[in-house]
Structure formats: C-alpha cells, structure tokens
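Asks: Quick one, upload-v8.pdb (PDB, C-alpha atoms):
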```pdb
ATOM      1  CA  MET A1305      54.649 104.695  41.433  1.00  0.00           C
ATOM      2  CA  GLU A1306      53.225 107.080  38.881  1.00  0.00           C
ATOM      3  CA  ILE A1307      50.820 109.998  38.751  1.00  0.00           C
ATOM      4  CA  VAL A1308      47.429 109.357  37.149  1.00  0.00           C
ATOM      5  CA  ASP A1309      44.302 111.435  36.596  1.00  0.00           C
ATOM      6  CA  VAL A1310      41.290 110.607  38.781  1.00  0.00           C
ATOM      7  CA  PHE A1311      37.721 111.521  37.869  1.00  0.00           C
ATOM      8  CA  VAL A1312      34.915 111.356  40.445  1.00  0.00           C
ATOM      9  CA  GLU A1313      31.379 111.622  39.091  1.00  0.00           C
ATOM     10  CA  TYR A1314      28.260 111.849  41.273  1.00  0.00           C
ATOM     11  CA  PRO A1315      24.742 110.971  40.060  1.00  0.00           C
ATOM     12  CA  SER A1316      23.670 114.549  40.845  1.00  0.00           C
ATOM     13  CA  GLY A1317      25.976 115.808  38.095  1.00  0.00           C
ATOM     14  CA  MET A1318      28.788 117.060  40.288  1.00  0.00           C
ATOM     15  CA  SER A1319      32.223 115.879  39.207  1.00  0.00           C
ATOM     16  CA  ILE A1320      35.715 116.248  40.624  1.00  0.00           C
ATOM     17  CA  PHE A1321      38.933 115.981  38.642  1.00  0.00           C
ATOM     18  CA  ASP A1322      42.210 115.391  40.467  1.00  0.00           C
ATOM     19  CA  SER A1323      45.519 113.533  40.280  1.00  0.00           C
ATOM     20  CA  ALA A1324      46.590 110.573  42.393  1.00  0.00           C
ATOM     21  CA  THR A1325      49.434 108.134  42.879  1.00  0.00           C
ATOM     22  CA  TYR A1326      49.139 104.762  41.145  1.00  0.00           C
ATOM     23  CA  SER A1327      51.035 101.756  42.505  1.00  0.00           C
ATOM     24  CA  ARG A1328      51.220  99.280  39.643  1.00  0.00           C
ATOM     25  CA  GLY A1329      52.528  96.475  41.850  1.00  0.00           C
ATOM     26  CA  PHE A1330      49.617  96.653  44.303  1.00  0.00           C
ATOM     27  CA  ASN A1331      47.095  97.750  41.656  1.00  0.00           C
ATOM     28  CA  GLN A1332      46.084 100.600  43.937  1.00  0.00           C
ATOM     29  CA  VAL A1333      45.400 104.291  43.391  1.00  0.00           C
ATOM     30  CA  CYS A1334      46.030 106.506  46.433  1.00  0.00           C
ATOM     31  CA  VAL A1335      44.267 109.858  46.336  1.00  0.00           C
ATOM     32  CA  SER A1336      45.266 112.950  48.291  1.00  0.00           C
ATOM     33  CA  GLU A1337      43.952 113.412  51.798  1.00  0.00           C
ATOM     34  CA  ARG A1338      42.187 116.522  50.534  1.00  0.00           C
ATOM     35  CA  LEU A1339      40.176 114.545  47.961  1.00  0.00           C
ATOM     36  CA  ALA A1340      39.508 111.753  50.471  1.00  0.00           C
ATOM     37  CA  ALA A1341      38.111 114.345  52.920  1.00  0.00           C
ATOM     38  CA  VAL A1342      35.901 115.834  50.213  1.00  0.00           C
ATOM     39  CA  LEU A1343      34.587 112.371  49.306  1.00  0.00           C
ATOM     40  CA  ARG A1344      33.845 111.633  52.963  1.00  0.00           C
ATOM     41  CA  GLU A1345      32.053 114.949  53.347  1.00  0.00           C
ATOM     42  CA  LEU A1346      29.995 114.510  50.189  1.00  0.00           C
ATOM     43  CA  GLY A1347      29.215 110.897  51.093  1.00  0.00           C
ATOM     44  CA  VAL A1348      26.845 112.209  53.762  1.00  0.00           C
ATOM     45  CA  THR A1349      24.495 113.863  51.279  1.00  0.00           C
ATOM     46  CA  GLU A1350      25.319 112.308  47.916  1.00  0.00           C
ATOM     47  CA  ALA A1351      24.746 108.873  46.418  1.00  0.00           C
ATOM     48  CA  PRO A1352      27.916 106.813  45.875  1.00  0.00           C
ATOM     49  CA  PRO A1353      30.010 108.197  42.994  1.00  0.00           C
ATOM     50  CA  GLU A1354      31.710 106.455  40.118  1.00  0.00           C
ATOM     51  CA  VAL A1355      35.451 106.882  40.410  1.00  0.00           C
ATOM     52  CA  THR A1356      37.631 106.327  37.356  1.00  0.00           C
ATOM     53  CA  ALA A1357      41.323 106.805  36.712  1.00  0.00           C
ATOM     54  CA  THR A1358      43.150 107.222  33.444  1.00  0.00           C
ATOM     55  CA  ILE A1359      45.985 104.704  33.466  1.00  0.00           C
ATOM     56  CA  ASP A1360      48.225 104.560  30.377  1.00  0.00           C
ATOM     57  CA  GLY A1361      45.597 106.561  28.518  1.00  0.00           C
ATOM     58  CA  VAL A1362      42.815 104.098  29.310  1.00  0.00           C
ATOM     59  CA  PRO A1363      39.991 104.906  31.791  1.00  0.00           C
ATOM     60  CA  VAL A1364      39.499 102.193  34.418  1.00  0.00           C
ATOM     61  CA  VAL A1365      36.910 101.958  37.199  1.00  0.00           C
ATOM     62  CA  LEU A1366      38.194 102.213  40.778  1.00  0.00           C
ATOM     63  CA  GLN A1367      36.742 100.577  43.889  1.00  0.00           C
ATOM     64  CA  GLN A1368      37.251 102.208  47.269  1.00  0.00           C
ATOM     65  CA  CYS A1369      39.145 100.137  49.840  1.00  0.00           C
ATOM     66  CA  THR A1370      38.783 100.371  53.589  1.00  0.00           C
ATOM     67  CA  ASP A1371      42.176 102.116  53.950  1.00  0.00           C
ATOM     68  CA  GLY A1372      41.069 105.086  51.836  1.00  0.00           C
ATOM     69  CA  CYS A1373      42.920 104.005  48.685  1.00  0.00           C
ATOM     70  CA  PHE A1374      41.222 102.740  45.539  1.00  0.00           C
ATOM     71  CA  SER A1375      41.786  99.412  43.827  1.00  0.00           C
ATOM     72  CA  VAL A1376      41.650  99.040  40.073  1.00  0.00           C
ATOM     73  CA  GLU A1377      38.573  97.022  39.151  1.00  0.00           C
ATOM     74  CA  PHE A1378      38.803  94.347  36.512  1.00  0.00           C
ATOM     75  CA  ALA A1379      35.843  93.728  34.255  1.00  0.00           C
ATOM     76  CA  THR A1380      34.268  90.305  34.793  1.00  0.00           C
ATOM     77  CA  ASP A1381      34.585  89.364  31.115  1.00  0.00           C
ATOM     78  CA  GLU A1382      38.362  89.748  31.417  1.00  0.00           C
ATOM     79  CA  GLN A1383      38.636  86.807  33.807  1.00  0.00           C
ATOM     80  CA  PRO A1384      40.396  83.687  32.478  1.00  0.00           C
ATOM     81  CA  LYS A1385      38.038  81.805  30.277  1.00  0.00           C
ATOM     82  CA  GLN A1386      36.983  78.333  31.348  1.00  0.00           C
ATOM     83  CA  GLY A1387      37.729  75.671  28.785  1.00  0.00           C
ATOM     84  CA  PRO A1388      35.468  72.773  27.933  1.00  0.00           C
ATOM     85  CA  GLY A1389      37.275  70.174  30.046  1.00  0.00           C
ATOM     86  CA  PHE A1390      39.630  69.762  32.977  1.00  0.00           C
ATOM     87  CA  LEU A1391      42.609  68.759  30.833  1.00  0.00           C
ATOM     88  CA  LEU A1392      42.129  71.553  28.312  1.00  0.00           C
ATOM     89  CA  ARG A1393      41.622  74.044  31.153  1.00  0.00           C
ATOM     90  CA  ARG A1394      44.933  73.064  32.733  1.00  0.00           C
ATOM     91  CA  ILE A1395      46.975  72.853  29.521  1.00  0.00           C
ATOM     92  CA  GLY A1396      45.377  75.764  27.693  1.00  0.00           C
ATOM     93  CA  HIS A1397      45.426  78.230  30.589  1.00  0.00           C
ATOM     94  CA  GLU A1398      47.673  81.208  29.832  1.00  0.00           C
ATOM     95  CA  TRP A1399      50.888  81.279  31.853  1.00  0.00           C
ATOM     96  CA  THR A1400      51.562  83.670  34.681  1.00  0.00           C
ATOM     97  CA  GLU A1401      54.746  85.736  34.866  1.00  0.00           C
ATOM     98  CA  ASP A1402      56.353  83.147  37.170  1.00  0.00           C
ATOM     99  CA  GLN A1403      55.488  80.319  34.804  1.00  0.00           C
ATOM    100  CA  ARG A1404      57.013  82.239  31.895  1.00  0.00           C
ATOM    101  CA  GLN A1405      60.148  82.782  33.981  1.00  0.00           C
ATOM    102  CA  GLN A1406      60.344  79.061  34.759  1.00  0.00           C
ATOM    103  CA  PHE A1407      59.866  78.173  31.106  1.00  0.00           C
ATOM    104  CA  GLY A1408      62.738  80.508  30.229  1.00  0.00           C
ATOM    105  CA  ARG A1409      64.994  78.690  32.680  1.00  0.00           C
ATOM    106  CA  TYR A1410      63.902  75.312  31.342  1.00  0.00           C
ATOM    107  CA  ALA A1411      64.618  76.429  27.768  1.00  0.00           C
ATOM    108  CA  HIS A1412      68.063  77.648  28.804  1.00  0.00           C
ATOM    109  CA  THR A1413      68.759  74.305  30.493  1.00  0.00           C
ATOM    110  CA  LEU A1414      67.831  72.455  27.287  1.00  0.00           C
ATOM    111  CA  SER A1415      69.898  74.973  25.313  1.00  0.00           C
ATOM    112  CA  ALA A1416      72.970  74.244  27.453  1.00  0.00           C
ATOM    113  CA  ALA A1417      72.333  70.503  27.118  1.00  0.00           C
ATOM    114  CA  SER A1418      72.162  70.919  23.330  1.00  0.00           C
ATOM    115  CA  ILE A1419      75.521  72.654  23.025  1.00  0.00           C
ATOM    116  CA  VAL A1420      77.165  70.180  25.435  1.00  0.00           C
ATOM    117  CA  GLY A1421      75.677  67.320  23.404  1.00  0.00           C
ATOM    118  CA  ALA A1422      76.886  68.889  20.146  1.00  0.00           C
ATOM    119  CA  VAL A1423      80.450  69.259  21.442  1.00  0.00           C
ATOM    120  CA  GLY A1424      80.451  65.718  22.800  1.00  0.00           C
ATOM    121  CA  TYR A1425      79.025  64.379  19.553  1.00  0.00           C
ATOM    122  CA  TRP A1426      81.654  66.324  17.565  1.00  0.00           C
ATOM    123  CA  HIS A1427      84.564  64.919  19.563  1.00  0.00           C
ATOM    124  CA  SER A1428      83.257  61.353  19.565  1.00  0.00           C
ATOM    125  CA  THR A1429      82.614  61.222  15.829  1.00  0.00           C
ATOM    126  CA  GLN A1430      85.240  59.179  14.000  1.00  0.00           C
ATOM    127  CA  VAL A1431      83.660  59.042  10.556  1.00  0.00           C
ATOM    128  CA  TRP A1432      81.878  62.146   9.301  1.00  0.00           C
ATOM    129  CA  THR A1433      78.733  60.972   7.585  1.00  0.00           C
ATOM    130  CA  ALA A1434      75.715  63.022   6.518  1.00  0.00           C
ATOM    131  CA  THR A1435      73.826  61.633   9.515  1.00  0.00           C
ATOM    132  CA  ALA A1436      76.475  62.828  11.977  1.00  0.00           C
ATOM    133  CA  VAL A1437      76.532  66.284  10.409  1.00  0.00           C
ATOM    134  CA  PHE A1438      72.716  66.447  10.507  1.00  0.00           C
ATOM    135  CA  ASN A1439      72.592  65.400  14.178  1.00  0.00           C
ATOM    136  CA  ILE A1440      75.180  67.981  15.231  1.00  0.00           C
ATOM    137  CA  ALA A1441      73.512  70.650  13.113  1.00  0.00           C
ATOM    138  CA  MET A1442      70.182  69.978  14.849  1.00  0.00           C
ATOM    139  CA  LEU A1443      71.815  70.282  18.282  1.00  0.00           C
ATOM    140  CA  VAL A1444      73.502  73.561  17.356  1.00  0.00           C
ATOM    141  CA  VAL A1445      70.338  74.975  15.812  1.00  0.00           C
ATOM    142  CA  PHE A1446      68.311  74.162  18.916  1.00  0.00           C
ATOM    143  CA  PHE A1447      71.053  75.544  21.155  1.00  0.00           C
ATOM    144  CA  VAL A1448      70.420  78.920  19.489  1.00  0.00           C
ATOM    145  CA  ILE A1449      66.622  78.633  19.218  1.00  0.00           C
ATOM    146  CA  LEU A1450      66.140  77.497  22.823  1.00  0.00           C
ATOM    147  CA  PHE A1451      68.438  80.251  24.079  1.00  0.00           C
ATOM    148  CA  LEU A1452      66.428  82.889  22.189  1.00  0.00           C
ATOM    149  CA  ALA A1453      63.095  81.370  23.269  1.00  0.00           C
ATOM    150  CA  GLY A1454      64.251  81.404  26.897  1.00  0.00           C
ATOM    151  CA  MET A1455      65.405  85.024  26.705  1.00  0.00           C
ATOM    152  CA  ASP A1456      62.129  86.028  25.084  1.00  0.00           C
ATOM    153  CA  SER A1457      60.094  84.210  27.731  1.00  0.00           C
ATOM    154  CA  MET A1458      61.871  85.907  30.652  1.00  0.00           C
ATOM    155  CA  ASN A1459      61.889  89.449  29.293  1.00  0.00           C
ATOM    156  CA  GLY A1460      60.285  90.764  32.461  1.00  0.00           C
ATOM    157  CA  GLU A1461      56.899  91.508  30.925  1.00  0.00           C
TER     158      GLU A1461
ATOM    159  CA  MET I1339      69.620  60.643  11.573  1.00  0.00           C
ATOM    160  CA  GLY I1340      67.195  59.328  14.187  1.00  0.00           C
ATOM    161  CA  PHE I1341      68.834  61.328  16.964  1.00  0.00           C
ATOM    162  CA  GLY I1342      68.675  64.543  14.950  1.00  0.00           C
ATOM    163  CA  LEU I1343      64.998  63.972  14.173  1.00  0.00           C
ATOM    164  CA  PHE I1344      64.327  63.297  17.871  1.00  0.00           C
ATOM    165  CA  VAL I1345      66.015  66.600  18.805  1.00  0.00           C
ATOM    166  CA  LEU I1346      64.025  68.342  16.067  1.00  0.00           C
ATOM    167  CA  ALA I1347      60.715  66.914  17.297  1.00  0.00           C
ATOM    168  CA  ILE I1348      61.331  67.673  20.987  1.00  0.00           C
ATOM    169  CA  GLY I1349      62.692  71.133  20.221  1.00  0.00           C
ATOM    170  CA  VAL I1350      59.796  72.127  18.017  1.00  0.00           C
ATOM    171  CA  VAL I1351      57.240  70.954  20.589  1.00  0.00           C
ATOM    172  CA  VAL I1352      58.951  72.646  23.559  1.00  0.00           C
ATOM    173  CA  CYS I1353      59.632  75.925  21.742  1.00  0.00           C
ATOM    174  CA  GLY I1354      56.268  76.056  20.045  1.00  0.00           C
ATOM    175  CA  TYR I1355      54.184  75.260  23.101  1.00  0.00           C
ATOM    176  CA  GLY I1356      56.291  77.484  25.398  1.00  0.00           C
ATOM    177  CA  SER I1357      56.249  80.486  23.094  1.00  0.00           C
ATOM    178  CA  TYR I1358      52.528  80.122  22.458  1.00  0.00           C
ATOM    179  CA  MET I1359      51.648  79.906  26.147  1.00  0.00           C
ATOM    180  CA  SER I1360      54.034  82.736  27.063  1.00  0.00           C
ATOM    181  CA  ASN I1361      52.421  85.012  24.508  1.00  0.00           C
ATOM    182  CA  LEU I1362      48.956  84.045  25.755  1.00  0.00           C
ATOM    183  CA  GLY I1363      50.014  84.908  29.316  1.00  0.00           C
ATOM    184  CA  ARG I1364      51.528  88.247  28.297  1.00  0.00           C
ATOM    185  CA  LYS I1365      48.436  89.149  26.345  1.00  0.00           C
ATOM    186  CA  ALA I1366      46.175  88.267  29.294  1.00  0.00           C
ATOM    187  CA  ASP I1367      48.372  90.298  31.668  1.00  0.00           C
ATOM    188  CA  ARG I1368      48.263  93.311  29.374  1.00  0.00           C
ATOM    189  CA  GLU I1369      44.488  93.115  29.083  1.00  0.00           C
ATOM    190  CA  ARG I1370      44.116  92.814  32.852  1.00  0.00           C
ATOM    191  CA  ARG I1371      46.350  95.864  33.364  1.00  0.00           C
ATOM    192  CA  HIS I1372      44.536  98.015  30.826  1.00  0.00           C
ATOM    193  CA  THR I1373      40.906  97.089  31.281  1.00  0.00           C
ATOM    194  CA  ARG I1374      38.739  99.161  28.966  1.00  0.00           C
ATOM    195  CA  VAL I1375      35.630 100.755  30.423  1.00  0.00           C
ATOM    196  CA  SER I1376      32.781 102.000  28.255  1.00  0.00           C
ATOM    197  CA  ARG I1377      31.634 105.426  29.391  1.00  0.00           C
TER     198      ARG I1377
END
```
Now that the file is in, can you turn its structure into structure tokens?
Replies:
Amino acid sequence: MEIVDVFVEYPSGMSIFDSATYSRGFNQVCVSERLAAVLRELGVTEAPPEVTATIDGVPVVLQQCTDGCFSVEFATDEQPKQGPGFLLRRIGHEWTEDQRQQFGRYAHTLSAASIVGAVGYWHSTQVWTATAVFNIAMLVVFFVILFLAGMDSMNGE
Amino acid sequence: MGFGLFVLAIGVVVCGYGSYMSNLGRKADRERRHTRVSR
C-alpha cells in the first residue's frame, strides 16, 4: 500500500486533485469516500471524467470499478507482442515472475549437480591429465555461474 | 575433454537463454507497471 496523487479532469474544465491509496498487488487505486461521493454527485450533471494517478512519478489512466475503486489501465500497445509463428511465440514470450522463479530453481539444481560432479570426478581421477583438469574446471566454473544466474533470476523483481 | 565441452555447451545455452528470457520478463513487467500516458 502506498499513497499516490489522483487527478480527476472533467470535459467542462473542472478538475479535482486528491490523494488515494494504491495497492500494487491488486493494481487498484482506492480513493477516499469523500472523493467518491463528489464523483457520484458530479456524475449526474457532468460527462464522464478522465481519472489519472501519478504512480512512481508516472501518470497512468485509471478505470472505475464497480466497487468504487479504480484499476490501473494498461495501454493496448503494451500487451505482449505476437510473434510470427506458434513456436516463436511460445519460445520467445517473455517469462512471468513465476517462470523466472522456476528457472532460478532449475539453475540451482544444475549448479548443485555441477559441484557434486566435480567432487566425484576429482576423487575418481587416478591420472591427472589436461583433459581431467579441463573437465573439472568446467564443472566448477558452471557451479559458480549457474548459482549466480539462479540468484539473479529469483531476485524478487 | 569431450565431457568438459558438453558441460560448456549445455551451461552456455541454459544460462544464456534463461538470463535473456528473465530480463525480457522483468522489462515487460516494469513497462506494464509504469505505463506512460501522453497528456
């Protein structure tokens, strides 16, 4: 929950400036009962207003919901872009937060497998050749890289 | 040598593709959260 500025502008030129509560999780802006009553009252004689809120310094358009709150409207050109084909659409579609979380877990699983493999390889090696050193080095390097990639992918953003 | 190259190939593909798609998703989320409106 955070406090945001709300700006109501009527076609007649009348405008109202107020603050409201923004719920980032629900993408909803809840105005005060006072402002809601004023909007109801003015709705009788005025044309529908444009309601905007300033969220993180950026003005966004709000749409009134049936429960009196306002939902943040997304511009249509911000919708996920459709790729040229089914396969490209599925593979090239940007990941959601849950998918990024799952990728982080997968990377950590591979990271753990890499370090286990490196230790096993180390203990089973009888003759230390350049190939054995290279193989173990690759496993250790990817233990670190996969761990960092997993942590970066599940950073909560 | 072959095993190390296999690990290298798989690791590069997994890390590269995962990081790329994660960044795409984050960028899309940020743009959805902060939609710009021309006034």
Asks: Using all atoms listed in the file, which residues of chain I come within 7 Å of chain A, and what is the closest atom pair for each, with the distance in Å to one decimal? Give it as CSV, sorted by chain and residue number.
Replies:
```
residue,atom,partner,partner_atom,distance
I:Met1339,CA,A:Thr1435,CA,4.8
I:Phe1341,CA,A:Asn1439,CA,6.2
I:Gly1342,CA,A:Asn1439,CA,4.1
I:Val1345,CA,A:Met1442,CA,6.7
I:Leu1346,CA,A:Met1442,CA,6.5
I:Gly1349,CA,A:Phe1446,CA,6.5
I:Cys1353,CA,A:Ala1453,CA,6.6
I:Gly1356,CA,A:Phe1407,CA,6.8
I:Ser1357,CA,A:Ala1453,CA,6.9
I:Met1359,CA,A:Glu1398,CA,5.6
I:Ser1360,CA,A:Arg1404,CA,5.7
I:Leu1362,CA,A:Glu1398,CA,5.1
I:Gly1363,CA,A:Glu1398,CA,4.4
I:Arg1364,CA,A:Glu1461,CA,6.8
I:Arg1370,CA,A:Phe1378,CA,6.6
I:His1372,CA,A:Val1362,CA,6.5
I:Thr1373,CA,A:Val1364,CA,6.2
I:Arg1374,CA,A:Val1364,CA,6.3
I:Val1375,CA,A:Val1364,CA,5.7
```
Asks: Do you have the atom CA of Arg1371 of chain I-atom CA of Leu1343 of chain A distance handy?
Replies: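 According to the coordinates, atom CA of Arg1371 of chain I and atom CA of Leu1343 of chain A are separated by 25.8 Å.
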Asks: Step by step, work through what the PyMOL selection byres ((chain A and resi 1319) around 12) selects in the shown file, and finish by giving those residues as a list in words.
Replies: Val1310, Phe1311, Val1312, Glu1313, Tyr1314, Pro1315, Ser1316, Gly1317, Met1318, Ile1320, Phe1321, Asp1322, Leu1339, Val1342, Leu1343, Leu1346, Glu1350, Pro1353, Glu1354, Val1355 and Thr1356 of chain A
Asks: Those residues with C-alpha atoms, as a PDB file, keeping the file's coordinate frame please?
Replies:
```pdb
ATOM      1  CA  VAL A1310      41.290 110.607  38.781  1.00  0.00           C
ATOM      2  CA  PHE A1311      37.721 111.521  37.869  1.00  0.00           C
ATOM      3  CA  VAL A1312      34.915 111.356  40.445  1.00  0.00           C
ATOM      4  CA  GLU A1313      31.379 111.622  39.091  1.00  0.00           C
ATOM      5  CA  TYR A1314      28.260 111.849  41.273  1.00  0.00           C
ATOM      6  CA  PRO A1315      24.742 110.971  40.060  1.00  0.00           C
ATOM      7  CA  SER A1316      23.670 114.549  40.845  1.00  0.00           C
ATOM      8  CA  GLY A1317      25.976 115.808  38.095  1.00  0.00           C
ATOM      9  CA  MET A1318      28.788 117.060  40.288  1.00  0.00           C
ATOM     10  CA  ILE A1320      35.715 116.248  40.624  1.00  0.00           C
ATOM     11  CA  PHE A1321      38.933 115.981  38.642  1.00  0.00           C
ATOM     12  CA  ASP A1322      42.210 115.391  40.467  1.00  0.00           C
ATOM     13  CA  LEU A1339      40.176 114.545  47.961  1.00  0.00           C
ATOM     14  CA  VAL A1342      35.901 115.834  50.213  1.00  0.00           C
ATOM     15  CA  LEU A1343      34.587 112.371  49.306  1.00  0.00           C
ATOM     16  CA  LEU A1346      29.995 114.510  50.189  1.00  0.00           C
ATOM     17  CA  GLU A1350      25.319 112.308  47.916  1.00  0.00           C
ATOM     18  CA  PRO A1353      30.010 108.197  42.994  1.00  0.00           C
ATOM     19  CA  GLU A1354      31.710 106.455  40.118  1.00  0.00           C
ATOM     20  CA  VAL A1355      35.451 106.882  40.410  1.00  0.00           C
ATOM     21  CA  THR A1356      37.631 106.327  37.356  1.00  0.00           C
TER      22      THR A1356
END
```
Asks: What gap, in Å, lies between atom CA of His1412 of chain A and atom CA of Tyr1358 of chain I?
Replies: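 Those two atoms sit 17.0 Å apart.
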Asks: I'd like the box whose edges run along x, y and z of the file and which contains every listed atom of segment 1354-1363 of chain I, padded by 5 Å per side; could you state its centre and edge lengths in Å, one decimal, as AutoDock Vina command-line options?
Replies:
```
--center_x 52.6 --center_y 80.1 --center_z 24.7 --size_x 17.3 --size_y 19.8 --size_z 19.3
```
Asks: At what distance in Å, to one decimal, does atom CA of Val1350 of chain I lie from atom CA of Gln1430 of chain A?
Replies: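 Taking atom CA of Gln1430 of chain A as the start and atom CA of Val1350 of chain I as the end point, the length is 28.8 Å.
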